[in-house]
>>> print(open('structure.csv').read())   # CSV, C-alpha atoms and all ligand atoms
chain,number,residue,atom,x,y,z
A,1,MET,CA,76.1,42.5,91.7
A,2,ALA,CA,78.9,44.5,93.4
A,3,TYR,CA,80.2,47.5,91.6
A,4,ARG,CA,83.5,48.7,93.1
A,5,TRP,CA,82.6,52.4,92.8
A,6,LYS,CA,79.4,52.1,94.8
A,7,ASN,CA,80.5,51.7,98.4
A,8,THR,CA,82.4,54.4,100.2
A,9,LEU,CA,81.6,53.0,103.7
A,10,LYS,CA,81.5,49.6,105.2
A,11,GLU,CA,78.3,47.6,105.5
A,12,SER,CA,78.8,47.6,109.3
A,13,ASP,CA,78.5,51.4,109.4
A,14,VAL,CA,74.9,51.3,108.3
A,15,THR,CA,72.1,51.8,110.7
A,16,CYS,CA,68.7,53.1,110.2
A,17,GLU,CA,69.7,56.5,111.6
A,18,ALA,CA,72.6,56.5,109.2
A,19,ALA,CA,70.1,56.5,106.3
A,20,PHE,CA,71.3,59.9,105.3
A,21,LEU,CA,75.0,59.4,105.0
A,22,ASN,CA,77.2,62.1,103.5
A,23,ARG,CA,74.4,64.4,104.8
A,24,ARG,CA,71.7,63.0,102.7
A,25,GLN,CA,72.7,60.3,100.2
A,26,LEU,CA,71.9,56.7,101.1
A,27,MET,CA,74.9,54.6,100.6
A,28,ALA,CA,74.3,53.1,97.2
A,29,GLY,CA,74.8,49.5,98.4
A,30,PHE,CA,72.4,50.1,101.3
A,31,ALA,CA,69.7,51.6,99.0
A,32,GLY,CA,70.2,48.7,96.6
A,33,SER,CA,69.4,46.2,99.4
A,34,ILE,CA,66.2,48.1,100.3
A,35,VAL,CA,65.1,48.3,96.8
A,36,ALA,CA,66.0,44.6,96.1
A,37,GLY,CA,63.9,43.6,99.0
A,38,GLY,CA,60.8,45.4,97.6
A,39,VAL,CA,58.4,44.5,94.8
A,40,GLY,CA,60.1,44.8,91.5
A,41,GLY,CA,63.5,44.9,93.1
A,42,GLN,CA,64.9,42.4,90.8
A,43,ALA,CA,64.1,44.5,87.8
A,44,LEU,CA,65.7,47.5,89.3
A,45,ALA,CA,68.8,45.7,90.3
A,46,MET,CA,69.8,45.1,86.6
A,47,GLY,CA,69.3,46.5,83.2
A,48,PRO,CA,69.3,50.1,82.2
A,49,TRP,CA,68.7,51.4,85.7
A,50,LYS,CA,72.0,50.0,86.9
A,51,GLY,CA,73.9,50.8,83.8
A,52,GLU,CA,74.5,47.2,82.7
A,53,GLY,CA,76.7,47.0,79.7
A,54,LEU,CA,77.8,50.6,79.9
A,55,GLY,CA,81.3,50.1,81.2
A,56,GLU,CA,82.9,52.2,83.9
A,57,PRO,CA,81.2,55.4,85.0
A,58,ASN,CA,83.2,58.6,84.4
A,59,SER,CA,85.4,59.8,87.2
A,60,TRP,CA,84.2,62.3,89.8
A,61,ASP,CA,86.5,64.9,88.3
A,62,ASP,CA,85.1,64.4,84.8
A,63,ILE,CA,81.5,64.7,86.0
A,64,THR,CA,82.0,67.7,88.3
A,65,SER,CA,84.5,69.9,86.5
A,66,TYR,CA,83.3,70.0,82.9
A,67,ASN,CA,79.8,71.4,83.2
A,68,ASN,CA,77.0,73.4,81.5
A,69,PHE,CA,75.3,75.7,84.0
A,70,TYR,CA,75.0,79.0,82.3
A,71,GLU,CA,73.7,80.8,85.4
A,72,PHE,CA,77.4,80.7,86.4
A,73,GLY,CA,78.9,81.5,83.0
A,74,THR,CA,79.1,79.8,79.6
A,75,GLY,CA,82.6,78.3,79.9
A,76,LYS,CA,82.8,74.6,80.9
A,77,GLY,CA,85.0,75.6,83.8
A,78,ASP,CA,82.8,78.4,85.1
A,79,PRO,CA,80.3,76.3,87.1
A,80,VAL,CA,83.0,74.6,89.2
A,81,LYS,CA,84.6,78.0,89.8
A,82,TYR,CA,81.5,80.0,90.7
A,83,ALA,CA,78.7,77.7,91.7
A,84,HIS,CA,79.9,77.6,95.3
A,85,MET,CA,78.2,81.0,95.5
A,86,LEU,CA,74.8,79.4,95.4
A,87,THR,CA,73.1,78.9,98.8
A,88,THR,CA,71.5,75.5,98.7
A,89,ALA,CA,70.2,75.3,102.3
A,90,PRO,CA,67.5,76.0,103.2
A,91,TRP,CA,65.9,75.0,99.9
A,92,SER,CA,62.3,74.4,98.9
A,93,VAL,CA,60.5,73.5,95.8
A,94,LYS,CA,57.1,75.0,95.0
A,95,ILE,CA,54.8,72.4,93.5
A,96,ASP,CA,51.7,74.0,92.0
A,97,GLY,CA,49.3,74.0,89.1
A,98,LEU,CA,47.1,70.9,88.6
A,99,VAL,CA,47.9,69.1,91.9
A,100,ASP,CA,45.9,68.1,94.9
A,101,ASN,CA,48.5,69.3,97.4
A,102,PRO,CA,50.1,72.5,96.2
A,103,GLY,CA,52.7,74.2,98.3
A,104,ASP,CA,56.3,74.8,99.2
A,105,TYR,CA,58.0,71.4,99.8
A,106,ALA,CA,61.1,71.7,102.0
A,107,PHE,CA,64.0,69.8,100.5
A,108,GLU,CA,64.6,67.9,103.8
A,109,ASP,CA,60.9,66.9,103.9
A,110,ILE,CA,61.1,65.6,100.3
A,111,MET,CA,64.3,63.6,101.1
A,112,SER,CA,62.6,62.0,104.2
A,113,LYS,CA,59.8,60.7,102.1
A,114,MET,CA,61.7,59.4,99.1
A,115,THR,CA,63.6,56.2,98.6
A,116,ILE,CA,67.1,57.2,97.6
A,117,GLU,CA,68.7,54.8,95.2
A,118,GLU,CA,71.6,54.7,92.7
A,119,ARG,CA,71.0,54.9,88.9
A,120,ILE,CA,73.9,54.5,86.6
A,121,TYR,CA,72.9,56.3,83.4
A,122,ARG,CA,74.4,57.5,80.1
A,123,PHE,CA,74.2,61.2,79.8
A,124,ARG,CA,74.4,62.9,76.4
A,125,CYS,CA,74.8,66.6,75.8
A,126,VAL,CA,73.5,68.1,72.5
A,127,GLU,CA,77.0,69.4,72.0
A,128,ARG,CA,78.0,65.7,71.5
A,129,TRP,CA,80.0,65.0,74.7
A,130,ALA,CA,78.7,62.2,76.7
A,131,MET,CA,79.4,60.5,80.1
A,132,ILE,CA,78.3,57.7,82.4
A,133,VAL,CA,77.1,58.9,85.8
A,134,PRO,CA,76.3,57.1,89.0
A,135,TRP,CA,73.5,59.3,90.3
A,136,ASN,CA,71.7,59.1,93.6
A,137,GLY,CA,68.2,60.2,93.9
A,138,PHE,CA,64.6,59.2,93.4
A,139,GLU,CA,62.0,58.8,90.7
A,140,LEU,CA,60.2,62.0,89.7
A,141,ALA,CA,57.0,60.0,89.6
A,142,ASP,CA,57.3,59.5,93.4
A,143,LEU,CA,57.5,63.2,94.0
A,144,LEU,CA,54.6,63.9,91.7
A,145,GLU,CA,52.5,61.3,93.4
A,146,LEU,CA,53.2,63.0,96.7
A,147,ALA,CA,51.8,66.2,95.2
A,148,GLY,CA,48.8,64.4,93.8
A,149,VAL,CA,48.6,64.9,90.0
A,150,GLN,CA,45.1,65.9,88.9
A,151,SER,CA,43.5,64.1,85.9
A,152,ASN,CA,43.5,67.1,83.6
A,153,ALA,CA,47.3,67.6,83.9
A,154,LYS,CA,49.2,66.8,80.7
A,155,TYR,CA,52.6,68.4,81.1
A,156,VAL,CA,55.1,69.2,83.9
A,157,SER,CA,57.2,72.4,83.8
A,158,PHE,CA,60.3,73.1,85.8
A,159,GLU,CA,62.1,76.2,86.8
A,160,THR,CA,65.7,76.8,88.1
A,161,ALA,CA,66.5,79.3,90.9
A,162,LEU,CA,67.2,82.9,89.6
A,163,ARG,CA,69.5,84.7,92.0
A,164,PRO,CA,71.5,87.5,90.4
A,165,ASP,CA,73.5,88.0,93.6
A,166,GLU,CA,74.6,84.4,93.6
A,167,MET,CA,74.7,83.7,89.9
A,168,PRO,CA,77.1,85.8,88.0
A,169,GLY,CA,76.0,84.4,84.6
A,170,VAL,CA,72.4,85.7,84.8
A,171,ARG,CA,73.7,89.2,84.5
A,172,GLN,CA,74.2,88.4,80.8
A,173,PRO,CA,71.1,87.8,78.7
A,174,VAL,CA,72.5,84.6,77.2
A,175,ILE,CA,69.1,82.9,77.4
A,176,GLU,CA,65.9,84.3,78.9
A,177,TRP,CA,66.2,83.7,82.7
A,178,PRO,CA,65.0,81.8,84.7
A,179,TYR,CA,66.0,78.5,83.0
A,180,VAL,CA,62.8,76.6,82.4
A,181,GLU,CA,62.1,73.1,81.1
A,182,GLY,CA,59.2,70.8,80.5
A,183,LEU,CA,58.1,67.2,79.9
A,184,ARG,CA,54.9,65.6,78.8
A,185,LEU,CA,53.3,64.0,81.8
A,186,ASP,CA,53.9,60.4,80.6
A,187,GLU,CA,57.6,61.2,80.1
A,188,ALA,CA,57.7,62.7,83.6
A,189,MET,CA,56.1,59.6,85.1
A,190,HIS,CA,58.4,57.2,83.3
A,191,PRO,CA,60.4,55.1,85.8
A,192,LEU,CA,63.7,56.2,84.1
A,193,THR,CA,63.0,59.9,84.8
A,194,PHE,CA,65.0,60.7,87.9
A,195,VAL,CA,65.6,63.5,90.3
A,196,ALA,CA,69.3,63.5,91.3
A,197,THR,CA,70.4,64.6,94.7
A,198,GLY,CA,73.8,62.9,94.7
A,199,ILE,CA,76.7,61.5,92.6
A,200,TYR,CA,78.9,58.7,93.8
A,201,GLY,CA,77.0,58.6,97.0
A,202,LYS,CA,77.9,62.2,97.9
A,203,ASP,CA,75.6,65.2,97.8
A,204,ILE,CA,75.4,66.5,94.3
A,205,PRO,CA,77.8,69.4,93.9
A,206,ASN,CA,76.4,72.9,93.1
A,207,GLN,CA,77.9,72.9,89.6
A,208,ASN,CA,75.8,69.8,88.8
A,209,GLY,CA,72.6,71.3,90.1
A,210,ALA,CA,72.4,71.1,93.9
A,211,PRO,CA,70.4,70.3,95.8
A,212,LEU,CA,68.2,68.6,93.2
A,213,ARG,CA,68.1,68.4,89.4
A,214,LEU,CA,66.3,66.5,86.8
A,215,VAL,CA,67.9,63.6,84.9
A,216,VAL,CA,66.1,62.4,81.7
A,217,PRO,CA,68.6,60.0,80.2
A,218,TRP,CA,67.1,59.5,76.8
A,219,LYS,CA,67.0,63.2,76.0
A,220,TYR,CA,69.7,65.8,75.3
A,221,GLY,CA,71.3,67.1,78.5
A,222,TYR,CA,69.7,70.5,78.4
A,223,LYS,CA,66.3,68.9,79.4
A,224,SER,CA,67.9,67.9,82.7
A,225,ILE,CA,67.3,71.2,84.4
A,226,LYS,CA,69.4,72.0,87.5
A,227,SER,CA,68.7,73.5,91.0
A,228,ILE,CA,64.9,73.3,90.7
A,229,VAL,CA,62.7,75.7,92.7
A,230,ARG,CA,59.4,75.1,91.0
A,231,ILE,CA,57.4,72.3,89.4
A,232,THR,CA,54.1,73.1,87.9
A,233,LEU,CA,51.5,70.7,86.4
A,234,THR,CA,49.8,72.2,83.4
A,235,GLU,CA,47.3,71.4,80.7
A,236,ASP,CA,49.4,73.1,77.9
A,237,GLU,CA,52.9,72.4,76.7
A,238,PRO,CA,55.2,74.7,78.7
A,239,PRO,CA,57.9,76.9,77.2
A,240,THR,CA,61.4,75.6,77.5
A,241,ALA,CA,64.6,77.7,77.7
A,242,TRP,CA,66.5,76.5,74.6
A,243,ASN,CA,63.4,76.2,72.5
A,244,LYS,CA,62.7,79.9,73.2
A,245,TYR,CA,66.3,80.7,72.2
A,246,SER,CA,66.0,78.8,68.9
A,247,ALA,CA,63.0,76.6,68.1
A,248,ARG,CA,64.6,75.3,64.9
A,249,GLU,CA,67.6,74.0,66.8
A,250,TYR,CA,66.0,72.9,70.1
A,251,GLY,CA,62.6,71.2,70.0
A,252,PHE,CA,60.4,70.5,73.0
A,253,TYR,CA,61.1,66.8,72.9
A,254,SER,CA,64.9,66.8,72.3
A,255,ASN,CA,65.1,63.0,72.3
A,256,VAL,CA,68.6,61.8,71.5
A,257,ASN,CA,68.4,60.9,67.8
A,258,PRO,CA,71.4,60.1,65.5
A,259,ASN,CA,69.1,60.6,62.5
A,260,ARG,CA,68.3,64.2,63.1
A,261,SER,CA,71.2,66.6,62.8
A,262,HIS,CA,71.4,69.8,64.8
A,263,PRO,CA,71.1,72.4,62.0
A,264,ARG,CA,74.8,73.3,62.7
A,265,TRP,CA,76.3,69.8,63.4
A,266,SER,CA,75.6,66.1,62.9
A,267,GLN,CA,74.5,64.0,65.8
A,268,GLU,CA,75.8,60.8,64.3
A,269,TYR,CA,78.6,60.5,66.8
A,270,GLU,CA,79.4,61.3,70.4
A,271,GLN,CA,82.6,61.6,72.5
A,272,LEU,CA,82.8,60.1,75.9
A,273,LEU,CA,84.4,62.5,78.4
A,274,GLY,CA,87.7,61.5,79.8
A,275,GLN,CA,88.9,59.6,76.8
A,276,GLY,CA,91.1,62.3,75.4
A,277,LEU,CA,90.8,64.4,72.3
A,278,PHE,CA,92.0,61.7,69.9
A,279,ALA,CA,89.8,58.9,71.2
A,280,GLU,CA,87.6,57.3,68.6
A,281,LYS,CA,84.1,58.8,68.4
A,282,THR,CA,81.3,56.3,69.1
A,283,PRO,CA,78.0,56.2,67.3
A,284,THR,CA,75.1,58.0,68.9
A,285,LEU,CA,72.4,55.6,70.0
A,286,MET,CA,68.7,56.2,69.4
A,287,PHE,CA,67.1,57.5,72.6
A,288,ASN,CA,70.7,57.5,74.0
A,289,GLY,CA,70.5,53.7,74.3
A,290,TYR,CA,67.1,53.6,76.1
A,291,GLU,CA,65.0,52.8,73.0
A,292,GLU,CA,63.6,49.6,74.5
A,293,GLU,CA,62.3,51.5,77.5
A,294,VAL,CA,60.9,54.7,76.0
A,295,ALA,CA,60.2,54.2,72.2
A,296,SER,CA,56.5,53.3,73.0
A,297,LEU,CA,56.0,56.9,74.4
A,298,TYR,CA,56.4,58.2,70.9
A,299,GLU,CA,54.6,55.6,68.9
A,300,GLY,CA,53.1,57.0,65.7
A,301,MET,CA,54.9,60.4,66.1
A,302,ASP,CA,57.2,61.7,63.4
A,303,LEU,CA,60.4,62.2,65.4
A,304,LEU,CA,62.0,64.4,62.8
A,305,GLU,CA,59.1,66.8,63.0
A,306,HIS,CA,58.6,66.5,66.7
A,307,HIS,CA,62.2,66.9,67.6
B,401,LIG,N1,70.1,73.7,84.0
B,401,LIG,C1,70.3,75.0,84.2
B,401,LIG,N2,69.5,75.6,85.1
B,401,LIG,N3,71.2,75.8,83.5
B,401,LIG,C2,72.0,75.3,82.5
B,401,LIG,O1,72.7,76.0,81.9
B,401,LIG,N4,72.6,73.3,81.3
B,401,LIG,C3,72.0,72.1,80.7
B,401,LIG,C4,71.6,71.1,81.8
B,401,LIG,N5,70.8,71.8,82.8
B,401,LIG,C5,71.8,73.9,82.2
B,401,LIG,C6,70.9,73.1,83.0
B,401,LIG,C7,72.9,71.4,79.8
B,401,LIG,S1,73.1,72.1,78.3
B,401,LIG,C8,73.5,70.2,80.1
B,401,LIG,S2,74.4,69.3,78.9
B,401,LIG,C9,73.4,69.7,81.5
B,401,LIG,O2,72.7,70.5,82.4
B,401,LIG,C10,74.8,69.5,82.0
B,401,LIG,O3,74.8,68.8,83.2
B,401,LIG,P1,76.2,68.5,84.0
B,401,LIG,O4,76.9,69.8,84.1
B,401,LIG,O5,75.7,68.0,85.3
B,401,LIG,O6,76.9,67.6,83.2
>>> encode(input="structure.csv", output="structure tokens", more="lines below")
Ligand code: MTE
Amino acid sequence: MAYRWKNTLKESDVTCEAAFLNRRQLMAGFAGSIVAGGVGGQALAMGPWKGEGLGEPNSWDDITSYNNFYEFGTGKGDPVKYAHMLTTAPWSVKIDGLVDNPGDYAFEDIMSKMTIEERIYRFRCVERWAMIVPWNGFELADLLELAGVQSNAKYVSFETALRPDEMPGVRQPVIEWPYVEGLRLDEAMHPLTFVATGIYGKDIPNQNGAPLRLVVPWKYGYKSIKSIVRITLTEDEPPTAWNKYSAREYGFYSNVNPNRSHPRWSQEYEQLLGQGLFAEKTPTLMFNGYEEEVASLYEGMDLLEHH
């Protein structure tokens, strides 16, 4: 199925050497053809991975100029103004804890080993704004498999870079820095859990978490930690930035759930970015619309208690 927003270059421009177009992002159509040729390709070519039924993705401007990245300030316009200060090359991610192959993984090495594909996902901030984003990247599970997850690992923790010289926002103690997040191992290994390195086939802009950030589409946006420098496999549930700030307001799980209000606002409705202030609000969907894919992860759990 051809989506008009996918291709920025002609098919004839593609060669194997051109695999890392726009510096590193595979052209989405090219990635799609690789994936479709592999096992399970059909499943990946449709359904929630490709945003079927979601409508048009948000514009590049919507996605890259209205951001939360508190390391650059708390205003929605601060990240686009200041995130250019972040040096993203060279970049490496330390992968440690309960893994067979701990070490510093250079970003370029990671990219050369991963299959870059496009995922069109809904994205829902706890503040109620929402958008549809055509990410480029790879499954977190593939990176974790590269590191070799040991059998006693139960959780994955993530950490954002902390560079006071490049991040004006961290001079204020808004939250405890560095920004940290975490997932249960089965959540981290779920095929929807994605590491984004691009948007619309271009390298992900700094304000969106360059050079690599997490995307967990069924959870509130703050779980999708940006500009990751460390991934640690652990036996115990790791601390998370917003949970440390207010455990009552922000749980470890943070699954999108219209039935559990934030203590200060209802989560019944959401507002799609780019539709204007007076657009009709739309109902929030359980697990942000990914219930069929992820509900089984939480079978038997009280989702109001484990929020
Ligand atoms: N990661 C870091 N390191 N710092 C942040 O402030 N904000 C989170 C999340 N990841 C944040 C972060 C929140 S609250 C949201 S809604 C999303 O990033 C926003 O992602 P976007 O700016 O790409 O839309």
>>> residues_around(input="structure.csv", residues="stretch 130-146 of chain A", least_positions_apart="5", cutoff="7 Å", atoms="all atoms listed in the file", output="PyMOL selection string")
chain A and resi 25+57-58+114-125+188-189+191+193-201+270-273
>>> closest_atom_pairs(input="structure.csv", of="chain A", to="ligand LIG 401 (chain B)", cutoff="6 Å", atoms="only C-alpha atoms and all ligand atoms", output="Markdown table")
| residue | atom | partner | partner_atom | distance |
| --- | --- | --- | --- | --- |
| A:Asn67 | CA | B:LIG401 | O4 | 3.4 |
| A:Asn68 | CA | B:LIG401 | N4 | 4.4 |
| A:Phe69 | CA | B:LIG401 | O1 | 3.4 |
| A:Tyr70 | CA | B:LIG401 | O1 | 3.8 |
| A:Glu71 | CA | B:LIG401 | N3 | 5.9 |
| A:Cys125 | CA | B:LIG401 | S2 | 4.1 |
| A:Thr160 | CA | B:LIG401 | N2 | 5.0 |
| A:Tyr179 | CA | B:LIG401 | N2 | 5.0 |
| A:Asn208 | CA | B:LIG401 | O5 | 3.9 |
| A:Gly221 | CA | B:LIG401 | S2 | 3.8 |
| A:Tyr222 | CA | B:LIG401 | C7 | 3.6 |
| A:Ser224 | CA | B:LIG401 | N5 | 4.9 |
| A:Ile225 | CA | B:LIG401 | N1 | 3.8 |
| A:Lys226 | CA | B:LIG401 | N1 | 4.0 |
>>> write_last_selection(input="structure.csv", atoms="C-alpha atoms", output="PDB file, in the frame of the given file")
ATOM      1  CA  ASN A  67      79.800  71.400  83.200  1.00  0.00           C
ATOM      2  CA  ASN A  68      77.000  73.400  81.500  1.00  0.00           C
ATOM      3  CA  PHE A  69      75.300  75.700  84.000  1.00  0.00           C
ATOM      4  CA  TYR A  70      75.000  79.000  82.300  1.00  0.00           C
ATOM      5  CA  GLU A  71      73.700  80.800  85.400  1.00  0.00           C
ATOM      6  CA  CYS A 125      74.800  66.600  75.800  1.00  0.00           C
ATOM      7  CA  THR A 160      65.700  76.800  88.100  1.00  0.00           C
ATOM      8  CA  TYR A 179      66.000  78.500  83.000  1.00  0.00           C
ATOM      9  CA  ASN A 208      75.800  69.800  88.800  1.00  0.00           C
ATOM     10  CA  GLY A 221      71.300  67.100  78.500  1.00  0.00           C
ATOM     11  CA  TYR A 222      69.700  70.500  78.400  1.00  0.00           C
ATOM     12  CA  SER A 224      67.900  67.900  82.700  1.00  0.00           C
ATOM     13  CA  ILE A 225      67.300  71.200  84.400  1.00  0.00           C
ATOM     14  CA  LYS A 226      69.400  72.000  87.500  1.00  0.00           C
TER      15      LYS A 226
END
>>> closest_residue(input="structure.csv", among="A:Gly97, A:Pro173, A:Gly182, A:Gly103", to="A:Phe252", atoms="all atoms listed in the file")
A:Gly182
>>> closest_residue(input="structure.csv", among="A:Ala247, A:Val180, A:Val256, A:Ala241", to="A:Leu285", atoms="only C-alpha atoms")
A:Val256
>>> residues_near_point(input="structure.csv", point="(60.7, 61.8, 68.0)", cutoff="9 Å", atoms="all atoms listed in the file", output="list in words")
Tyr253, Ser254, Asn255, Val256, Asn257, Phe287, Ala295, Tyr298, Glu299, Met301, Asp302, Leu303, Leu304, Glu305, His306 and His307 of chain A
>>> atom_distance(input="structure.csv", atom1="atom CA of A:Leu86", atom2="atom CA of A:Pro164")
10.1 Å
>>> closest_residue(input="structure.csv", among="A:Val229, A:Arg24, A:Leu192, A:Pro90", to="A:Gly47", atoms="all atoms listed in the file")
A:Leu192
>>> residues_around(input="structure.csv", residues="A:Thr284", least_positions_apart="6", cutoff="6 Å", atoms="only C-alpha atoms", output="list in words")
Pro258, Glu268, Tyr269 and Glu270 of chain A
>>> residues_around(input="structure.csv", residues="A:Pro79", least_positions_apart="3", cutoff="7 Å", atoms="all atoms listed in the file", output="MDAnalysis selection string")
chainID A and resid 67 69 72:73 76 82:83 207
>>> atom_distance(input="structure.csv", atom1="atom CA of A:Lys244", atom2="atom CA of A:Leu185")
20.4 Å
>>> build_atoms(input="structure.csv", residues="stretch 132-149 of chain A", atoms="N, CA, C and O atoms", output="mmCIF file, in the coordinates of the input")
data_model
loop_
_atom_site.group_PDB
_atom_site.id
_atom_site.type_symbol
_atom_site.label_atom_id
_atom_site.label_comp_id
_atom_site.auth_asym_id
_atom_site.auth_seq_id
_atom_site.Cartn_x
_atom_site.Cartn_y
_atom_site.Cartn_z
ATOM 1 N N ILE A 132 79.038 58.712 81.632
ATOM 2 C CA ILE A 132 78.300 57.700 82.400
ATOM 3 C C ILE A 132 78.338 58.132 83.835
ATOM 4 O O ILE A 132 79.428 58.316 84.384
ATOM 5 N N VAL A 133 77.151 58.337 84.439
ATOM 6 C CA VAL A 133 77.100 58.900 85.800
ATOM 7 C C VAL A 133 76.368 58.056 86.759
ATOM 8 O O VAL A 133 75.246 57.637 86.497
ATOM 9 N N PRO A 134 76.979 57.780 87.915
ATOM 10 C CA PRO A 134 76.300 57.100 89.000
ATOM 11 C C PRO A 134 75.522 58.088 89.868
ATOM 12 O O PRO A 134 76.089 58.627 90.816
ATOM 13 N N TRP A 135 74.273 58.362 89.503
ATOM 14 C CA TRP A 135 73.500 59.300 90.300
ATOM 15 C C TRP A 135 72.887 58.688 91.501
ATOM 16 O O TRP A 135 72.627 57.487 91.512
ATOM 17 N N ASN A 136 72.592 59.477 92.494
ATOM 18 C CA ASN A 136 71.700 59.100 93.600
ATOM 19 C C ASN A 136 70.509 59.962 93.560
ATOM 20 O O ASN A 136 70.620 61.136 93.203
ATOM 21 N N GLY A 137 69.370 59.410 93.925
ATOM 22 C CA GLY A 137 68.200 60.200 93.900
ATOM 23 C C GLY A 137 66.923 59.372 93.927
ATOM 24 O O GLY A 137 66.949 58.249 94.437
ATOM 25 N N PHE A 138 65.842 59.910 93.350
ATOM 26 C CA PHE A 138 64.600 59.200 93.400
ATOM 27 C C PHE A 138 63.802 59.433 92.096
ATOM 28 O O PHE A 138 64.157 60.341 91.316
ATOM 29 N N GLU A 139 62.780 58.639 91.875
ATOM 30 C CA GLU A 139 62.000 58.800 90.700
ATOM 31 C C GLU A 139 61.119 60.048 90.762
ATOM 32 O O GLU A 139 60.465 60.255 91.788
ATOM 33 N N LEU A 140 61.097 60.824 89.683
ATOM 34 C CA LEU A 140 60.200 62.000 89.700
ATOM 35 C C LEU A 140 58.784 61.609 89.944
ATOM 36 O O LEU A 140 58.049 62.334 90.630
ATOM 37 N N ALA A 141 58.370 60.447 89.437
ATOM 38 C CA ALA A 141 57.000 60.000 89.600
ATOM 39 C C ALA A 141 56.611 59.945 91.110
ATOM 40 O O ALA A 141 55.477 60.269 91.479
ATOM 41 N N ASP A 142 57.563 59.559 91.957
ATOM 42 C CA ASP A 142 57.300 59.500 93.400
ATOM 43 C C ASP A 142 56.973 60.839 93.991
ATOM 44 O O ASP A 142 56.096 60.986 94.838
ATOM 45 N N LEU A 143 57.720 61.836 93.549
ATOM 46 C CA LEU A 143 57.500 63.200 94.000
ATOM 47 C C LEU A 143 56.135 63.721 93.512
ATOM 48 O O LEU A 143 55.361 64.342 94.250
ATOM 49 N N LEU A 144 55.857 63.452 92.241
ATOM 50 C CA LEU A 144 54.600 63.900 91.700
ATOM 51 C C LEU A 144 53.405 63.249 92.329
ATOM 52 O O LEU A 144 52.359 63.872 92.537
ATOM 53 N N GLU A 145 53.586 61.984 92.689
ATOM 54 C CA GLU A 145 52.500 61.300 93.400
ATOM 55 C C GLU A 145 52.245 61.894 94.749
ATOM 56 O O GLU A 145 51.108 61.988 95.200
ATOM 57 N N LEU A 146 53.310 62.324 95.405
ATOM 58 C CA LEU A 146 53.200 63.000 96.700
ATOM 59 C C LEU A 146 52.334 64.278 96.552
ATOM 60 O O LEU A 146 51.513 64.606 97.395
ATOM 61 N N ALA A 147 52.554 64.973 95.448
ATOM 62 C CA ALA A 147 51.800 66.200 95.200
ATOM 63 C C ALA A 147 50.387 65.941 94.733
ATOM 64 O O ALA A 147 49.522 66.808 94.829
ATOM 65 N N GLY A 148 50.142 64.742 94.215
ATOM 66 C CA GLY A 148 48.800 64.400 93.800
ATOM 67 C C GLY A 148 48.439 65.009 92.435
ATOM 68 O O GLY A 148 47.829 66.074 92.382
ATOM 69 N N VAL A 149 48.820 64.351 91.356
ATOM 70 C CA VAL A 149 48.600 64.900 90.000
ATOM 71 C C VAL A 149 47.102 64.790 89.658
ATOM 72 O O VAL A 149 46.508 63.721 89.781
#
